[in-house]
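Here's final.txt, which has compact mmCIF, C-alpha atoms:
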```
# COMPACT_ATOMS: atom_id res chain seq x y z
CA MET Z 10 -12.20 1.92 -15.11
CA THR Z 11 -12.22 1.29 -18.83
CA GLU Z 12 -9.03 -0.73 -19.30
CA GLY Z 13 -9.56 -3.45 -16.70
CA TYR Z 14 -7.20 -4.45 -13.93
CA LYS Z 15 -3.61 -5.37 -14.81
CA ARG Z 16 -2.07 -6.24 -11.41
CA ILE Z 17 -4.25 -7.88 -8.79
CA LEU Z 18 -2.94 -8.29 -5.25
CA VAL Z 19 -4.73 -10.83 -3.06
CA GLY Z 20 -3.98 -11.26 0.63
CA VAL Z 21 -4.28 -14.72 2.15
CA ASP Z 22 -3.98 -16.02 5.69
CA GLY Z 23 -5.07 -19.65 5.51
CA SER Z 24 -8.71 -18.90 6.30
CA ARG Z 25 -11.77 -20.04 4.36
CA GLN Z 26 -12.54 -16.43 3.55
CA ALA Z 27 -9.07 -16.01 2.04
CA ARG Z 28 -9.68 -19.09 -0.11
CA ARG Z 29 -12.82 -17.42 -1.44
CA ALA Z 30 -10.84 -14.26 -2.18
CA VAL Z 31 -8.17 -16.22 -4.07
CA GLU Z 32 -10.76 -18.08 -6.13
CA LYS Z 33 -12.39 -14.82 -7.16
CA ALA Z 34 -9.03 -13.11 -7.72
CA ILE Z 35 -8.06 -15.94 -10.06
CA ALA Z 36 -11.32 -15.45 -12.00
CA VAL Z 37 -10.74 -11.67 -12.22
CA ALA Z 38 -7.12 -12.19 -13.31
CA VAL Z 39 -8.16 -14.61 -16.05
CA ARG Z 40 -10.93 -12.28 -17.26
CA ASN Z 41 -8.59 -9.27 -17.33
CA GLN Z 42 -5.48 -11.17 -18.47
CA ALA Z 43 -3.84 -9.67 -15.39
CA GLU Z 44 -0.86 -10.51 -13.26
CA LEU Z 45 -1.88 -12.09 -9.93
CA ILE Z 46 0.16 -11.35 -6.82
CA ILE Z 47 -0.64 -13.70 -3.92
CA VAL Z 48 0.80 -12.58 -0.58
CA THR Z 49 0.58 -13.50 3.04
CA ILE Z 50 1.94 -11.47 5.91
CA MET Z 51 3.35 -12.90 9.10
CA SER Z 52 2.38 -10.69 12.01
CA GLY Z 53 4.29 -10.74 15.29
CA GLY Z 54 0.98 -10.92 17.18
CA ASP Z 55 0.43 -14.40 15.78
CA TYR Z 56 3.52 -15.66 17.59
CA VAL Z 57 3.81 -13.78 20.89
CA GLY Z 58 0.53 -14.09 22.74
CA LEU Z 59 -2.02 -12.03 20.75
CA GLY Z 60 -4.88 -13.80 19.02
CA ASN Z 61 -6.44 -17.21 18.91
CA ASN Z 62 -3.74 -18.66 16.64
CA THR Z 63 -0.82 -17.80 18.90
CA GLU Z 64 2.14 -20.15 18.44
CA VAL Z 65 3.85 -19.37 21.76
CA GLY Z 66 3.12 -17.43 24.94
CA PHE Z 67 4.20 -13.90 25.74
CA GLY Z 68 7.87 -13.12 25.41
CA TYR Z 69 10.60 -14.94 23.57
CA VAL Z 70 9.87 -16.33 20.09
CA ASP Z 71 11.89 -19.35 19.02
CA GLN Z 72 13.32 -18.95 15.51
CA GLN Z 73 12.27 -22.52 14.73
CA VAL Z 74 8.63 -21.59 15.40
CA MET Z 75 8.92 -18.66 13.02
CA ASP Z 76 10.64 -20.77 10.36
CA GLU Z 77 7.96 -23.48 10.59
CA ALA Z 78 5.19 -20.90 10.35
CA ARG Z 79 6.84 -19.30 7.32
CA GLN Z 80 7.17 -22.71 5.68
CA ARG Z 81 3.44 -23.40 6.21
CA LEU Z 82 2.56 -20.03 4.71
CA GLU Z 83 4.86 -20.62 1.73
CA GLN Z 84 3.04 -23.91 1.11
CA ILE Z 85 -0.31 -22.09 1.16
CA VAL Z 86 0.72 -19.44 -1.36
CA ASP Z 87 2.42 -22.06 -3.54
CA LYS Z 88 -0.78 -24.12 -3.63
CA TYR Z 89 -2.71 -21.02 -4.72
CA ARG Z 90 -0.04 -20.21 -7.34
CA LYS Z 91 -0.50 -23.65 -8.89
CA LYS Z 92 -4.27 -23.25 -8.82
CA ALA Z 93 -4.01 -19.88 -10.60
CA GLN Z 94 -1.66 -21.24 -13.24
CA ASP Z 95 -3.94 -24.24 -13.83
CA ALA Z 96 -6.83 -21.79 -14.34
CA GLY Z 97 -4.89 -19.93 -17.02
CA VAL Z 98 -3.29 -17.01 -15.18
CA LYS Z 99 -0.04 -16.46 -17.06
CA GLU Z 100 1.80 -14.29 -14.52
CA VAL Z 101 1.61 -15.31 -10.86
CA VAL Z 102 3.84 -13.92 -8.12
CA THR Z 103 3.79 -15.26 -4.56
CA ALA Z 104 5.45 -13.90 -1.44
CA VAL Z 105 5.50 -14.29 2.32
CA TYR Z 106 6.27 -11.10 4.24
CA TYR Z 107 6.80 -10.27 7.87
CA GLY Z 108 4.97 -7.10 8.82
CA HIS Z 109 1.62 -5.53 9.57
CA ALA Z 110 -1.11 -6.93 7.31
CA LYS Z 111 -3.35 -3.86 7.42
CA VAL Z 112 -0.72 -1.34 6.38
CA ASP Z 113 1.08 -3.68 4.01
CA LEU Z 114 -2.10 -4.65 2.11
CA ALA Z 115 -3.40 -1.09 2.01
CA ARG Z 116 -0.25 0.79 1.07
CA THR Z 117 3.15 -0.92 1.05
CA LEU Z 118 2.49 -3.90 -1.22
CA PRO Z 119 0.17 -2.19 -3.73
CA LYS Z 120 2.87 0.44 -4.19
CA GLU Z 121 5.70 -2.12 -4.43
CA TYR Z 122 3.85 -4.23 -7.02
CA GLN Z 123 2.03 -1.30 -8.69
CA ALA Z 124 -1.24 -3.14 -8.04
CA ASP Z 125 -4.44 -1.55 -9.28
CA LEU Z 126 -6.71 -3.88 -7.28
CA VAL Z 127 -6.51 -5.49 -3.84
CA MET Z 128 -8.79 -8.43 -3.06
CA LEU Z 129 -9.21 -9.98 0.37
CA GLY Z 130 -11.70 -11.95 2.41
CA ALA Z 131 -14.21 -10.20 4.62
CA THR Z 132 -12.65 -11.63 7.77
CA GLY Z 133 -9.51 -13.57 8.49
CA VAL Z 134 -8.31 -16.01 11.08
CA ASN Z 135 -7.44 -13.71 13.98
CA VAL Z 136 -10.66 -13.07 15.91
CA VAL Z 137 -9.02 -11.47 18.95
CA GLU Z 138 -7.02 -8.99 16.88
CA ARG Z 139 -10.15 -8.08 14.91
CA MET Z 140 -12.05 -7.39 18.15
CA LEU Z 141 -9.24 -5.31 19.64
CA MET Z 142 -8.05 -3.39 16.61
CA GLY Z 143 -10.65 -3.70 13.86
CA SER Z 144 -10.60 -5.93 10.83
CA THR Z 145 -7.88 -5.91 8.23
CA ALA Z 146 -10.53 -5.60 5.52
CA SER Z 147 -12.01 -2.47 7.11
CA TYR Z 148 -8.61 -0.83 7.38
CA VAL Z 149 -7.63 -1.71 3.81
CA VAL Z 150 -10.92 -0.37 2.40
CA ALA Z 151 -10.44 2.91 4.26
CA ASN Z 152 -6.73 3.39 3.50
CA ALA Z 153 -5.81 1.61 0.26
CA ILE Z 154 -4.04 3.43 -2.54
CA CYS Z 155 -5.99 1.48 -5.18
CA ASP Z 156 -9.37 -0.21 -5.65
CA VAL Z 157 -10.38 -2.87 -3.12
CA ILE Z 158 -12.80 -5.76 -3.39
CA VAL Z 159 -13.84 -7.45 -0.16
CA VAL Z 160 -15.01 -10.96 -0.98
CA ARG Z 161 -18.02 -12.24 0.94
CA THR Z 162 -19.39 -14.91 -1.39
CA ASP Z 163 -18.09 -17.99 -3.14
CA ILE Z 164 -17.07 -18.20 -6.79
CA ASN Z 165 -20.76 -18.54 -7.75
CA ASN Z 166 -21.70 -15.45 -5.71
CA GLN Z 167 -23.49 -17.58 -3.15
CA ALA Z 168 -23.30 -16.63 0.51
CA THR Z 169 -22.58 -20.20 1.58
CA SER Z 170 -22.30 -20.57 5.31
CA LEU Z 171 -18.66 -20.72 6.30
CA LYS Z 172 -19.53 -23.54 8.70
CA HIS Z 173 -20.12 -25.81 5.71
CA LEU Z 174 -16.95 -25.04 3.78
CA PRO Z 175 -14.12 -27.56 4.01
CA MET Z 176 -10.79 -26.24 5.22
CA ASP Z 177 -7.89 -26.32 2.75
```

Starting from the coordinates I provided, produce the structure as structure tokens.
Amino acid sequence: MTEGYKRILVGVDGSRQARRAVEKAIAVAVRNQAELIIVTIMSGGDYVGLGNNTEVGFGYVDQQVMDEARQRLEQIVDKYRKKAQDAGVKEVVTAVYYGHAKVDLARTLPKEYQADLVMLGATGVNVVERMLMGSTASYVVANAICDVIVVRTDINNQATSLKHLPMD
């Protein structure tokens, strides 16, 4: 690619790995003078009994639980938006979607935003879903409609143990 990236989509989920991905996406956006699109995707499995971050048991999902979860996610993407703007990214878009992270990060959102690069952490917060269905990162790499960078190291390219990273 000779022109550089112009629209960078980064998926976040509140995990330490996602924080690494955002930090690197900010650096790439600054270097390329690119628009940065920071998204998170609410998955039904997080709220109805699938995964280690389940909000409620199987069955009925209270709208208040969903609204509170959405509000937490909006706070996360807003914090990253401010960080990107402070670093010098001129165009930052944030969004919280309800859907299927794998498909949305690989196809739906890159198409909607005309992204030419997707960045995401190597693993996210949902261990059970990853064991049952494969990682989001693996799916996105295999199915994306644009370039993908899977972030494994910190902003200094050091493979710092995740056990020693503070949570946001």

Report the distance between CA of Val105 in chain Z and CA of Val39 in chain Z in Å, rounded to one decimal place.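 Value for the CA of Val105 in chain Z-CA of Val39 in chain Z distance: 22.9 Å.
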
Rank nothing, just name the residue among Z:Arg40, Z:Val159, Z:Ala104, Z:Asp76 nearest to Leu129 in chain Z, using only C-alpha atoms.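 Of all the options, Z:Val159 lies closest to Leu129 in chain Z.
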
I'd like the interatomic distance between CA of Tyr89 in chain Z and CA of Val160 in chain Z, to a tenth of an Å. 16.3 Å

At what distance in Å, to one decimal, does CA of Ala43 in chain Z lie from CA of Glu100 in chain Z?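 Answer for the CA of Glu100 in chain Z to CA of Ala43 in chain Z separation: 7.3 Å.
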
Compare Z:Asp95, Z:Gln84, Z:Arg29, Z:Val112 by their minimum atom-to-atom distance to Asn166 in chain Z, counting only C-alpha atoms, and give me the closest one.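 Using only C-alpha atoms, Asn166 in chain Z sits closest to Z:Arg29.
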
Looking at all atoms listed in the file, which of Z:Arg16, Z:His109, Z:Arg90, Z:Arg116 is the one that sits closest to Asn152 in chain Z?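 Of the candidates, the smallest distance to Asn152 in chain Z is held by Z:Arg116.
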
Pick from Z:Val86, Z:Met128, Z:Ile35, Z:Val21 nearest to Ile158 in chain Z, counting all atoms listed in the file: Z:Met128

Give the answer as one residue: which of Z:Val19, Z:Val127, Z:Val31, Z:Val149 has the shortest atom-to-atom distance to Thr162 in chain Z, using all atoms listed in the file?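 Checking each of Z:Val19, Z:Val127, Z:Val31, Z:Val149 against Thr162 in chain Z, counting all atoms listed in the file, the winner is Z:Val31.
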
Nearest-residue call for Lys15 in chain Z, choices Z:Gln72, Z:Gln42, Z:Ser52, Z:Asn165, using all atoms listed in the file: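 With all atoms listed in the file as the atom set, the closest residue is Z:Gln42.
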